[in-house]
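Coordinates from protein.pdb are shown below (PDB, C-alpha atoms, pLDDT in the B column).
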```
ATOM      1  CA  MET J   1       0.000   0.000   0.000  1.00 62.00           C
ATOM      2  CA  ILE J   2       1.269   3.499  -0.855  1.00 68.00           C
ATOM      3  CA  ALA J   3       1.572   5.906   2.061  1.00 65.00           C
ATOM      4  CA  VAL J   4      -0.208   9.196   1.465  1.00 61.00           C
ATOM      5  CA  PRO J   5       1.419  12.196   3.127  1.00 59.00           C
ATOM      6  CA  PRO J   6      -0.786  14.244   5.453  1.00 63.00           C
ATOM      7  CA  PRO J   7      -2.350  17.344   3.893  1.00 61.00           C
ATOM      8  CA  SER J   8      -0.370  20.542   4.234  1.00 60.00           C
ATOM      9  CA  PHE J   9      -1.761  23.259   6.459  1.00 56.00           C
ATOM     10  CA  ILE J  10       0.070  26.018   4.591  1.00 56.00           C
ATOM     11  CA  PRO J  11      -2.470  26.415   1.734  1.00 59.00           C
ATOM     12  CA  THR J  12      -5.370  26.774   4.175  1.00 58.00           C
ATOM     13  CA  THR J  13      -3.421  29.415   6.099  1.00 62.00           C
ATOM     14  CA  LEU J  14      -2.458  31.374   2.994  1.00 65.00           C
ATOM     15  CA  ALA J  15      -5.975  31.223   1.563  1.00 77.00           C
ATOM     16  CA  THR J  16      -7.770  33.007   4.405  1.00 91.00           C
ATOM     17  CA  PHE J  17      -9.256  36.490   4.189  1.00 94.00           C
ATOM     18  CA  ASP J  18      -7.305  37.499   7.303  1.00 94.00           C
ATOM     19  CA  HIS J  19      -4.006  36.589   5.660  1.00 94.00           C
ATOM     20  CA  ALA J  20      -4.914  38.411   2.444  1.00 94.00           C
ATOM     21  CA  TYR J  21      -5.884  41.479   4.495  1.00 95.00           C
ATOM     22  CA  ALA J  22      -2.552  41.420   6.351  1.00 95.00           C
ATOM     23  CA  VAL J  23      -0.657  41.117   3.057  1.00 95.00           C
ATOM     24  CA  ALA J  24      -2.654  44.034   1.605  1.00 96.00           C
ATOM     25  CA  VAL J  25      -1.825  46.240   4.601  1.00 97.00           C
ATOM     26  CA  GLN J  26       1.865  45.339   4.317  1.00 96.00           C
ATOM     27  CA  LYS J  27       1.936  46.008   0.566  1.00 96.00           C
ATOM     28  CA  ARG J  28       0.143  49.346   1.113  1.00 97.00           C
ATOM     29  CA  ARG J  29       2.815  50.404   3.602  1.00 97.00           C
ATOM     30  CA  GLU J  30       5.625  49.299   1.280  1.00 96.00           C
ATOM     31  CA  THR J  31       4.309  50.763  -1.981  1.00 96.00           C
ATOM     32  CA  GLY J  32       2.092  53.642  -0.895  1.00 96.00           C
ATOM     33  CA  ARG J  33      -0.503  52.430  -3.428  1.00 96.00           C
ATOM     34  CA  PRO J  34      -4.042  51.316  -2.561  1.00 96.00           C
ATOM     35  CA  GLN J  35      -4.455  47.525  -2.407  1.00 96.00           C
ATOM     36  CA  PHE J  36      -7.584  45.507  -3.097  1.00 96.00           C
ATOM     37  CA  VAL J  37      -8.498  42.242  -1.370  1.00 96.00           C
ATOM     38  CA  LEU J  38     -10.434  40.257  -3.964  1.00 95.00           C
ATOM     39  CA  ARG J  39     -12.553  37.104  -3.784  1.00 94.00           C
ATOM     40  CA  THR J  40     -11.561  34.919  -6.719  1.00 92.00           C
ATOM     41  CA  GLY J  41     -14.024  32.029  -6.586  1.00 89.00           C
ATOM     42  CA  ASP J  42     -11.072  29.610  -6.752  1.00 88.00           C
ATOM     43  CA  ALA J  43     -11.089  26.949  -4.025  1.00 86.00           C
ATOM     44  CA  PHE J  44      -7.272  26.915  -3.835  1.00 86.00           C
ATOM     45  CA  GLN J  45      -6.919  30.717  -3.747  1.00 89.00           C
ATOM     46  CA  PRO J  46     -10.240  32.166  -2.614  1.00 93.00           C
ATOM     47  CA  PHE J  47      -8.711  35.592  -1.863  1.00 94.00           C
ATOM     48  CA  ARG J  48      -5.904  37.551  -3.463  1.00 92.00           C
ATOM     49  CA  VAL J  49      -4.343  40.992  -3.177  1.00 95.00           C
ATOM     50  CA  SER J  50      -3.994  43.317  -6.153  1.00 94.00           C
ATOM     51  CA  ALA J  51      -3.108  46.937  -6.854  1.00 95.00           C
ATOM     52  CA  THR J  52      -5.856  46.962  -9.499  1.00 93.00           C
ATOM     53  CA  GLY J  53      -9.582  46.497  -9.049  1.00 90.00           C
ATOM     54  CA  PRO J  54     -11.534  43.287  -9.553  1.00 91.00           C
ATOM     55  CA  LYS J  55     -11.782  41.546 -12.901  1.00 89.00           C
ATOM     56  CA  ARG J  56     -15.049  40.169 -14.274  1.00 86.00           C
ATOM     57  CA  ASP J  57     -14.966  36.928 -12.243  1.00 87.00           C
ATOM     58  CA  GLN J  58     -13.757  38.529  -8.973  1.00 90.00           C
ATOM     59  CA  SER J  59     -15.511  40.383  -6.172  1.00 93.00           C
ATOM     60  CA  LEU J  60     -14.121  43.279  -4.158  1.00 93.00           C
ATOM     61  CA  MET J  61     -13.899  42.385  -0.475  1.00 92.00           C
ATOM     62  CA  THR J  62     -12.106  45.475   0.834  1.00 91.00           C
ATOM     63  CA  LEU J  63      -9.871  48.337  -0.248  1.00 94.00           C
ATOM     64  CA  ILE J  64      -6.804  49.317   1.786  1.00 94.00           C
ATOM     65  CA  ALA J  65      -6.375  52.954   0.841  1.00 89.00           C
TER      66      ALA J  65
END
```
Do you think you could lay out the structure here as structure tokens?
Amino acid sequence: MIAVPPPSFIPTTLATFDHAYAVAVQKRRETGRPQFVLRTGDAFQPFRVSATGPKRDQSLMTLIA
């Protein structure tokens, strides 16, 4: 029988809204540009941070201005 490694906890940590928000705040401080936290609809990356607004298949969650 093939041993299956346990699932990694890193993707679930990186994929949270709280983590995306913290990254957006850090990027705002570093760049001085507003950052958007976007909901992507992707199960592996449900939230992402961008300096541009949402695309057609994304929803704006918050703006760090």
Self-check item: Residue nearest Phe44 of chain J among J:Leu63, J:Gly32, J:Val25, J:Ala15 (counting all atoms listed in the file)
Solution: J:Ala15
Identify the residues within 12 Å of coordinate (-4.2, 52.0, -1.3) (same frame as the file), considering all atoms listed in the file, and give the answer as a PDB file with C-alpha atoms, in the frame of the given file.
```pdb
ATOM      1  CA  ALA J  24      -2.654  44.034   1.605  1.00 96.00           C
ATOM      2  CA  VAL J  25      -1.825  46.240   4.601  1.00 97.00           C
ATOM      3  CA  GLN J  26       1.865  45.339   4.317  1.00 96.00           C
ATOM      4  CA  LYS J  27       1.936  46.008   0.566  1.00 96.00           C
ATOM      5  CA  ARG J  28       0.143  49.346   1.113  1.00 97.00           C
ATOM      6  CA  ARG J  29       2.815  50.404   3.602  1.00 97.00           C
ATOM      7  CA  GLU J  30       5.625  49.299   1.280  1.00 96.00           C
ATOM      8  CA  THR J  31       4.309  50.763  -1.981  1.00 96.00           C
ATOM      9  CA  GLY J  32       2.092  53.642  -0.895  1.00 96.00           C
ATOM     10  CA  ARG J  33      -0.503  52.430  -3.428  1.00 96.00           C
ATOM     11  CA  PRO J  34      -4.042  51.316  -2.561  1.00 96.00           C
ATOM     12  CA  GLN J  35      -4.455  47.525  -2.407  1.00 96.00           C
ATOM     13  CA  PHE J  36      -7.584  45.507  -3.097  1.00 96.00           C
ATOM     14  CA  VAL J  37      -8.498  42.242  -1.370  1.00 96.00           C
ATOM     15  CA  VAL J  49      -4.343  40.992  -3.177  1.00 95.00           C
ATOM     16  CA  SER J  50      -3.994  43.317  -6.153  1.00 94.00           C
ATOM     17  CA  ALA J  51      -3.108  46.937  -6.854  1.00 95.00           C
ATOM     18  CA  THR J  52      -5.856  46.962  -9.499  1.00 93.00           C
ATOM     19  CA  GLY J  53      -9.582  46.497  -9.049  1.00 90.00           C
ATOM     20  CA  THR J  62     -12.106  45.475   0.834  1.00 91.00           C
ATOM     21  CA  LEU J  63      -9.871  48.337  -0.248  1.00 94.00           C
ATOM     22  CA  ILE J  64      -6.804  49.317   1.786  1.00 94.00           C
ATOM     23  CA  ALA J  65      -6.375  52.954   0.841  1.00 89.00           C
TER      24      ALA J  65
END
```
Exercise. Name the residues in contact with Leu38 of chain J at a cut-off of 7 Å, using all atoms listed in the file, excluding same-chain residues fewer than 2 positions from it; report them as JSON, numbers by chain.
Key: {"J": [36, 40, 47, 48, 49, 54, 58, 59, 60, 61]}
Self-check item: Thr16 of chain J environment, 9 Å, only C-alpha atoms, sequence neighbours closer than 5 positions dropped, as a VMD selection string
Solution: chain J and resid 11 21 45 to 47
Hey, can you spit out that residue selection with C-alpha atoms as a PDB file, keeping the file's coordinate frame?
```
ATOM      1  CA  PRO J  11      -2.470  26.415   1.734  1.00 59.00           C
ATOM      2  CA  TYR J  21      -5.884  41.479   4.495  1.00 95.00           C
ATOM      3  CA  GLN J  45      -6.919  30.717  -3.747  1.00 89.00           C
ATOM      4  CA  PRO J  46     -10.240  32.166  -2.614  1.00 93.00           C
ATOM      5  CA  PHE J  47      -8.711  35.592  -1.863  1.00 94.00           C
TER       6      PHE J  47
END
```
